[in-house]
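**Q** Got a structure for you, questions after.
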Amino acid sequence: MDTFQEATNADETLDPPDWTDVGALSHRILDDAITYLKDVRERPVWREMPAEVRAFFSAPLPRSPAPVADVYDDVARNVMPYPMGNVHPRFWSWYMGSSNFTGALGDFLAAIQGSNLGGGNHAAGLMDSQVVNWCKEMVGFPATASGTLVSGGSMANIIGLTVARNVKAGVDIRERGVGAIPKPLRYYASDQVHSCHRKAMEVLGLGNRALRRIPTDAGLRIDIAALKAAIAEDREAGFKPACVIGTAGTVNTGAVDDLQALASVAAEEALWFHADGCIGALIAIAPESRSLVAGIEQADSVALDPHKWLHAPFEAGCALVRDASAHRNTFAVTPEYLESTPRGLASGEWLHDYGLQTSRGFRALKIWMALKEHGAEKFGRLIDQNITQARYLTRLIDAEPALELMAPTTINIVSFRHRLAGASEERLKAFNTEIMLRLQEEGIAALSDTTVSGQHCLRVAIANHRTRRDDLDLLVSEMLRLGREIEAAGTSV
Ligand SMILES: *Cc1c(COP(=O)(O)O)cnc(C)c1O
């Protein structure tokens with residue numbers, strides 16, 4: 001009896017011995033967090049880490065305790081001042097959202113509430129399904145469709161392409177594997193398709209070559225006639241055309257494929273129509289621009305990315321599938337330790353039956369709270385605002401003889417470069433890369449670069465609710481200044 005009592009008293013926990021201390025520190029962290037976002041505009045968008053910060057991250061595994069206040073001080077000193085920068089108003093690299101404070105509170109509360117969204121009968125599970133329903137509503141999908149929240153757009157695309165494969169395989173692929181597919185499957189997308197589709201083809205066992213890249217027109221949209229010709233050629237050669245991927249907003253230039261035409265081709269040719277809407281699916285809620293993505297609601301599956309234009313803190317993607325049973329039949333497996341019960345905790349839906357993960361985070365809360373706070377209409381207006389800002393920047397570039405537009409601006413992505421009289425493509429690339437790096441290193445703005453139609457260009461992707469027009473004015477004037485400085489110093493050329 002005595003020994004039992006002793007053992008109980010000695011039981012350890014991660015909970016603090018005194019919650020009052022934790023309260024004081026938590027309030028300080030919250031105050032610091034508010035200041036951090038309030039003053040984000042005053043800080044550089046990015047800065048290089050000094051050697052001591054780099055060294056800090058090679059410390060070995062801590063084996064004994066430290067006061068949590070000291071742990072926070074470490075984070076405040078070494079992590080918070082050196083972000084990627086995407087919460088900053090002048091971050092326009094690659095393509096990502098700029099997060100939001102309410103979403104951050106959602107992430108915090110999700111961790112406090114702690115539920116595992118693998119499924120079960122609890123409020124977080126219902127909220128997860130509700131957010132999926134809201135996503136269907138935003139893109140015009142029927143309520144009978146299914147969907148799942150995943151880590152991001154890449155995973156959402158994998159979900160869609162996997163359902164497409166299983167539906168079109170012509171064999172019980174889950175039992176027999178890709179080796180049993182009678183006719184090799186072919187997928188189609190434009191030559192601007194995002195790289196995650198290549199990874200998807202590889203991981204699906206179909207191989208990269210099974211994804212045919214179709215040439216694009218002057219607007220960098222899939223050439224429909226070339227698509228039809230490729231499908232006919234493949235049928236003739238004994239392949240099975242299975243799926244066409246339409247991109248609603250390419251990552252290179254923001255081009256939007258003709259989704260209505262793709263829906264017709266898919267219907268005529270009995271193909272699965274998957275829409276990669278990681279960038280553009282949510283244009284469907286933007287009052288000025290929604291016609292750009294007309295046809296997305298006809299897709300068999302859609303990938304969208306709440307951590308882009310809904311500014312959810314990372315990570316949050318969403319896959320939607322029109323045919324809910326095809327979706328479930330692709331992933332559902334019920335082992336004996338996950339069987340449902342008629343009542344109680346295990347009586348809810350098993351959400352892991354719609355994807356690859358078993359344990360799932362409570363991603364829905366950060367999306368749900370921000371949508372409730374602002375309403376979908378405001379998110380739609382913010383999407384229009386970014387598109388208008390990209391047009392504004394395009395006009396500034398057109399009006400500035402030293403700058404050159406490199407692709408048409410359709411949505412919120414502007415591809416352009418600084419001119420350099422008489423310079424070769426190679427020198428132009430070095431010159432523009434130098435401008436881009438100095439913009440980052442001086443903390444002014446974060447852009448990225450790409451190659452469009454064989455030519456190097458800089459790229460501004462405005463998926464940012466903090467950007468203002470004067471930020472774009474500043475970008476142009478700073479680019480011109482850096483261009484003059486680099487030219488004068490003769491560096492990089
Ligand atoms: C961002 C993006 C992806 C990948 O999404 P992640 O959320 O980064 O995984 C796929 N397709 C397009 C068109 C994208 O812009």
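Residue numbering restarts at 1 for every chain of the structure tokens, chains are lettered A, B, ... in their displayed order, and ligands are numbered from 1 as they appear.
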Using only C-alpha atoms and all ligand atoms, which residues of the polymer chains come no farther than 9 Å from ligand 1? I'd like the answer as a ChimeraX atom specification.
**A** /A:94-96,151-157,192-197,247-252,254,276-280,303-308,314-317
**Q** Quick one: pick out all helix (DSSP H, G or I) residues within region 47-254 of chain A from a backbone DSSP run and write them as a PyMOL selection string.
**A** chain A and resi 51-56+68-78+101-113+123-139+153-168+173-176+178-180+196-203+208-210+224-236
**Q** Which is closer to Leu282 (chain A) than all the others in A:Val131, A:Leu439, A:Leu310, A:Ala218, using only C-alpha atoms?
**A**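 Using only C-alpha atoms, Leu282 (chain A) sits closest to A:Leu310.
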**Q** Counting only C-alpha atoms, which of A:Ile435, A:Leu117, A:Leu382, A:Met201 gets nearest to Gly361 (chain A)?
**A**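 Between A:Ile435, A:Leu117, A:Leu382, A:Met201, the residue approaching Gly361 (chain A) most closely is A:Leu117.
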**Q** Do you know which residues are at most 9 Å from Ser359 (chain A) counting only C-alpha atoms, after dropping those on the same chain fewer than 6 positions away, and could you put them as a list in words?
**A**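 Answer for this query is Asn116, Leu117, Gly118, Gly119 and His352 of chain A.
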**Q** Assign secondary structure with DSSP using the backbone only, and return the residues of region 257-381 of chain A in strand (DSSP E or B) as a tab-separated table (two decimals) with all heavy atoms, in the first residue's frame.
**A**
chain	number	residue	atom	x	y	z
A	272	TRP	N	-11.40	11.68	-66.84
A	272	TRP	CA	-11.56	12.35	-65.55
A	272	TRP	C	-11.03	13.77	-65.72
A	272	TRP	O	-9.98	13.99	-66.32
A	272	TRP	CB	-10.72	11.61	-64.51
A	272	TRP	CG	-10.89	12.13	-63.09
A	272	TRP	CD1	-10.22	13.14	-62.51
A	272	TRP	CD2	-11.78	11.60	-62.11
A	272	TRP	NE1	-10.64	13.30	-61.22
A	272	TRP	CE2	-11.60	12.37	-60.94
A	272	TRP	CE3	-12.73	10.57	-62.09
A	272	TRP	CZ2	-12.32	12.13	-59.76
A	272	TRP	CZ3	-13.44	10.34	-60.92
A	272	TRP	CH2	-13.24	11.11	-59.77
A	273	PHE	N	-11.78	14.76	-65.20
A	273	PHE	CA	-11.34	16.16	-65.29
A	273	PHE	C	-10.94	16.63	-63.89
A	273	PHE	O	-11.79	16.79	-63.01
A	273	PHE	CB	-12.47	17.01	-65.87
A	273	PHE	CG	-12.20	18.49	-65.89
A	273	PHE	CD1	-10.91	19.02	-65.93
A	273	PHE	CD2	-13.28	19.39	-65.88
A	273	PHE	CE1	-10.68	20.39	-65.94
A	273	PHE	CE2	-13.06	20.77	-65.89
A	273	PHE	CZ	-11.76	21.27	-65.91
A	274	HIS	N	-9.64	16.80	-63.72
A	274	HIS	CA	-9.14	17.30	-62.44
A	274	HIS	C	-8.71	18.76	-62.62
A	274	HIS	O	-7.97	19.08	-63.55
A	274	HIS	CB	-7.95	16.47	-61.97
A	274	HIS	CG	-7.29	17.02	-60.73
A	274	HIS	ND1	-7.83	16.84	-59.47
A	274	HIS	CD2	-6.17	17.76	-60.56
A	274	HIS	CE1	-7.05	17.45	-58.59
A	274	HIS	NE2	-6.04	18.03	-59.22
A	275	ALA	N	-9.16	19.62	-61.73
A	275	ALA	CA	-8.74	21.02	-61.79
A	275	ALA	C	-7.74	21.31	-60.68
A	275	ALA	O	-8.04	21.10	-59.49
A	275	ALA	CB	-9.94	21.95	-61.66
A	276	ASP	N	-6.55	21.76	-61.06
A	276	ASP	CA	-5.59	22.24	-60.08
A	276	ASP	C	-5.91	23.70	-59.82
A	276	ASP	O	-5.52	24.60	-60.57
A	276	ASP	CB	-4.15	22.07	-60.59
A	276	ASP	CG	-3.13	22.58	-59.57
A	276	ASP	OD1	-3.54	23.24	-58.60
A	276	ASP	OD2	-1.92	22.31	-59.76
A	277	GLY	N	-6.67	23.91	-58.76
A	277	GLY	CA	-7.10	25.26	-58.40
A	277	GLY	C	-6.34	25.80	-57.20
A	277	GLY	O	-6.87	26.64	-56.46
A	301	SER	N	-12.72	16.48	-59.90
A	301	SER	CA	-12.00	16.73	-58.64
A	301	SER	C	-11.29	18.07	-58.73
A	301	SER	O	-10.92	18.50	-59.82
A	301	SER	CB	-11.00	15.61	-58.34
A	301	SER	OG	-10.17	15.35	-59.45
A	302	VAL	N	-11.15	18.70	-57.58
A	302	VAL	CA	-10.50	20.02	-57.52
A	302	VAL	C	-9.52	20.01	-56.35
A	302	VAL	O	-9.82	19.48	-55.28
A	302	VAL	CB	-11.54	21.15	-57.28
A	302	VAL	CG1	-10.84	22.50	-57.09
A	302	VAL	CG2	-12.53	21.23	-58.42
A	303	ALA	N	-8.34	20.57	-56.60
A	303	ALA	CA	-7.41	20.82	-55.50
A	303	ALA	C	-7.41	22.31	-55.23
A	303	ALA	O	-7.29	23.11	-56.17
A	303	ALA	CB	-6.00	20.37	-55.88
A	304	LEU	N	-7.57	22.70	-53.98
A	304	LEU	CA	-7.47	24.11	-53.64
A	304	LEU	C	-6.64	24.27	-52.37
A	304	LEU	O	-6.34	23.30	-51.69
A	304	LEU	CB	-8.84	24.77	-53.52
A	304	LEU	CG	-9.79	24.30	-52.44
A	304	LEU	CD1	-10.22	25.49	-51.62
A	304	LEU	CD2	-11.01	23.66	-53.06
A	317	GLY	N	-4.55	22.45	-47.19
A	317	GLY	CA	-5.00	22.24	-48.56
A	317	GLY	C	-6.34	21.52	-48.51
A	317	GLY	O	-6.76	21.05	-47.44
A	318	CYS	N	-7.02	21.44	-49.64
A	318	CYS	CA	-8.32	20.76	-49.66
A	318	CYS	C	-8.52	20.08	-51.00
A	318	CYS	O	-8.34	20.70	-52.04
A	318	CYS	CB	-9.44	21.77	-49.39
A	318	CYS	SG	-11.08	21.01	-49.40
A	319	ALA	N	-8.87	18.81	-50.96
A	319	ALA	CA	-9.24	18.07	-52.19
A	319	ALA	C	-10.74	17.86	-52.18
A	319	ALA	O	-11.31	17.48	-51.15
A	319	ALA	CB	-8.53	16.72	-52.22
A	320	LEU	N	-11.38	18.14	-53.31
A	320	LEU	CA	-12.81	17.90	-53.45
A	320	LEU	C	-13.02	16.88	-54.56
A	320	LEU	O	-12.34	16.94	-55.60
A	320	LEU	CB	-13.55	19.19	-53.83
A	320	LEU	CG	-13.46	20.36	-52.85
A	320	LEU	CD1	-14.19	21.58	-53.42
A	320	LEU	CD2	-14.04	19.97	-51.49
A	321	VAL	N	-13.96	15.95	-54.35
A	321	VAL	CA	-14.24	14.93	-55.37
A	321	VAL	C	-15.75	14.86	-55.57
A	321	VAL	O	-16.50	14.67	-54.61
A	321	VAL	CB	-13.68	13.55	-54.96
A	321	VAL	CG1	-13.95	12.52	-56.05
A	321	VAL	CG2	-12.19	13.64	-54.66
**Q** Between A:Ala24, A:Asp32, A:Pro89, A:Arg54, which is the closest to Ala76 (chain A) once you count only C-alpha atoms?
**A**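 Residue with the minimum atom-to-atom distance to Ala76 (chain A): A:Asp32.
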**Q** Return the single residue from A:His122, A:Arg198, A:Lys240, A:Arg391 that is closest to Gly170 (chain A), with distances computed using only C-alpha atoms.
**A** A:Lys240
**Q** Quick one: pull the distance between CA of Ala364 (chain A) and CA of Tyr82 (chain A), Å, one decimal.
**A**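 Computing the Euclidean distance for CA of Ala364 (chain A) and CA of Tyr82 (chain A) yields 27.6 Å.
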**Q** What is the CA of Asp18 (chain A)-CA of Pro65 (chain A) distance in Å, reported with one decimal?
**A** 15.5 Å
**Q** Under the rule that only C-alpha atoms are counted, which of A:Ile34, A:Ala51, A:Val244, A:Leu437 is the nearest residue to Lys228 (chain A)?
**A** A:Val244
**Q** Please indicate the distance in Å from CA of Leu161 (chain A) to CA of Cys243 (chain A), rounded to one decimal place.
**A**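 Atom-to-atom, CA of Leu161 (chain A) and CA of Cys243 (chain A) are spaced 8.0 Å apart.
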**Q** What lies within 9 Å of region 367-376 of chain A using only C-alpha atoms, ignoring chain neighbours under 3 positions off, as JSON, numbers by chain?
**A** {"A": [100, 101, 102, 103, 105, 106, 127, 128, 130, 131, 138, 285, 306, 307, 310, 311, 312, 313, 316, 363, 364, 379, 380, 381]}
**Q** Could you check which of A:Ser190, A:Ser325, A:Thr341, A:Asn386 is closest to Thr216 (chain A), using only C-alpha atoms?
**A** A:Ser190
**Q** Any idea what's packed within 12 Å of Gly207 (chain A), counting only C-alpha atoms, ignoring anything in its chain fewer than 6 positions away? Could you give it as a ChimeraX atom specification?
**A** /A:178,184-187,197-201
**Q** Next, the residues of the selection above should be written as an mmCIF file, in the first residue's frame with C-alpha atoms.
**A**
data_model
loop_
_atom_site.group_PDB
_atom_site.id
_atom_site.type_symbol
_atom_site.label_atom_id
_atom_site.label_comp_id
_atom_site.auth_asym_id
_atom_site.auth_seq_id
_atom_site.Cartn_x
_atom_site.Cartn_y
_atom_site.Cartn_z
ATOM 1 C CA VAL A 178 -0.600 -0.864 -61.527
ATOM 2 C CA PRO A 184 -1.346 2.069 -69.950
ATOM 3 C CA LEU A 185 -3.105 5.171 -68.660
ATOM 4 C CA ARG A 186 -2.357 8.603 -70.008
ATOM 5 C CA TYR A 187 -2.872 11.909 -68.204
ATOM 6 C CA HIS A 197 1.833 16.526 -60.674
ATOM 7 C CA ARG A 198 5.043 14.921 -61.789
ATOM 8 C CA LYS A 199 5.638 13.712 -58.251
ATOM 9 C CA ALA A 200 2.065 12.459 -58.150
ATOM 10 C CA MET A 201 2.505 10.470 -61.383
#
**Q** Considering only C-alpha atoms, return as a ChimeraX atom specification whatever protein or nucleic-acid residues lie within 9 Å of region 395-405 of chain A, sequence-local ones (same chain, fewer than 4 positions apart) excluded.
**A** /A:390-391,409,414-420,457,472-473,476,480,483
**Q** Could the residues in this selection be saved with N, CA and C atoms as a PDB file, in the first residue's frame?
**A**
ATOM      1  N   ALA A 390      -2.058  43.657 -59.251  1.00  0.00           N
ATOM      2  CA  ALA A 390      -1.167  43.110 -60.290  1.00  0.00           C
ATOM      3  C   ALA A 390      -1.344  43.891 -61.594  1.00  0.00           C
ATOM      4  N   ARG A 391      -2.567  44.306 -61.887  1.00  0.00           N
ATOM      5  CA  ARG A 391      -2.791  45.124 -63.093  1.00  0.00           C
ATOM      6  C   ARG A 391      -2.125  46.486 -62.943  1.00  0.00           C
ATOM      7  N   THR A 409      -0.427  39.501 -67.936  1.00  0.00           N
ATOM      8  CA  THR A 409      -0.913  39.401 -66.555  1.00  0.00           C
ATOM      9  C   THR A 409      -2.394  39.047 -66.609  1.00  0.00           C
ATOM     10  N   VAL A 414       2.785  38.752 -61.973  1.00  0.00           N
ATOM     11  CA  VAL A 414       3.369  39.623 -62.983  1.00  0.00           C
ATOM     12  C   VAL A 414       4.789  39.128 -63.271  1.00  0.00           C
ATOM     13  N   SER A 415       5.054  38.803 -64.543  1.00  0.00           N
ATOM     14  CA  SER A 415       6.380  38.335 -64.961  1.00  0.00           C
ATOM     15  C   SER A 415       7.017  39.432 -65.790  1.00  0.00           C
ATOM     16  N   PHE A 416       8.191  39.860 -65.387  1.00  0.00           N
ATOM     17  CA  PHE A 416       8.806  41.011 -66.048  1.00  0.00           C
ATOM     18  C   PHE A 416      10.303  40.995 -65.805  1.00  0.00           C
ATOM     19  N   ARG A 417      11.025  41.927 -66.406  1.00  0.00           N
ATOM     20  CA  ARG A 417      12.450  42.057 -66.100  1.00  0.00           C
ATOM     21  C   ARG A 417      12.925  43.472 -66.373  1.00  0.00           C
ATOM     22  N   HIS A 418      14.099  43.738 -65.828  1.00  0.00           N
ATOM     23  CA  HIS A 418      14.765  45.010 -66.071  1.00  0.00           C
ATOM     24  C   HIS A 418      15.526  44.860 -67.382  1.00  0.00           C
ATOM     25  N   ARG A 419      15.408  45.846 -68.259  1.00  0.00           N
ATOM     26  CA  ARG A 419      16.167  45.788 -69.519  1.00  0.00           C
ATOM     27  C   ARG A 419      17.619  46.163 -69.280  1.00  0.00           C
ATOM     28  N   LEU A 420      18.461  45.769 -70.226  1.00  0.00           N
ATOM     29  CA  LEU A 420      19.873  46.157 -70.181  1.00  0.00           C
ATOM     30  C   LEU A 420      20.308  46.247 -71.640  1.00  0.00           C
ATOM     31  N   CYS A 457      12.903  35.590 -66.203  1.00  0.00           N
ATOM     32  CA  CYS A 457      12.218  36.811 -65.760  1.00  0.00           C
ATOM     33  C   CYS A 457      12.002  36.796 -64.265  1.00  0.00           C
ATOM     34  N   LEU A 472       4.016  48.680 -54.312  1.00  0.00           N
ATOM     35  CA  LEU A 472       4.388  48.374 -55.697  1.00  0.00           C
ATOM     36  C   LEU A 472       5.132  49.551 -56.320  1.00  0.00           C
ATOM     37  N   ASP A 473       4.728  50.776 -55.954  1.00  0.00           N
ATOM     38  CA  ASP A 473       5.492  51.960 -56.392  1.00  0.00           C
ATOM     39  C   ASP A 473       6.930  51.854 -55.894  1.00  0.00           C
ATOM     40  N   VAL A 476       9.070  49.350 -57.838  1.00  0.00           N
ATOM     41  CA  VAL A 476       9.551  49.837 -59.132  1.00  0.00           C
ATOM     42  C   VAL A 476      10.698  50.827 -58.922  1.00  0.00           C
ATOM     43  N   LEU A 480      14.690  50.285 -60.118  1.00  0.00           N
ATOM     44  CA  LEU A 480      15.401  51.206 -61.006  1.00  0.00           C
ATOM     45  C   LEU A 480      16.693  51.685 -60.349  1.00  0.00           C
ATOM     46  N   GLY A 483      19.125  48.827 -60.405  1.00  0.00           N
ATOM     47  CA  GLY A 483      19.573  48.637 -61.783  1.00  0.00           C
ATOM     48  C   GLY A 483      20.687  49.617 -62.121  1.00  0.00           C
TER      49      GLY A 483
END
**Q** Could you pull the residues within 12 Å of Ala225 (chain A), counting only C-alpha atoms, minus those fewer than 4 positions along the same chain, as a list of chain:residue names?
**A**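 Near Ala225 (chain A), the qualifying residues are A:Ile214, A:Pro215, A:Thr216, A:Asp217, A:Arg221, A:Ala229, A:Ala230, A:Ile231, A:Ala232, A:Asp258, A:Ala261, A:Leu262, A:Val265.
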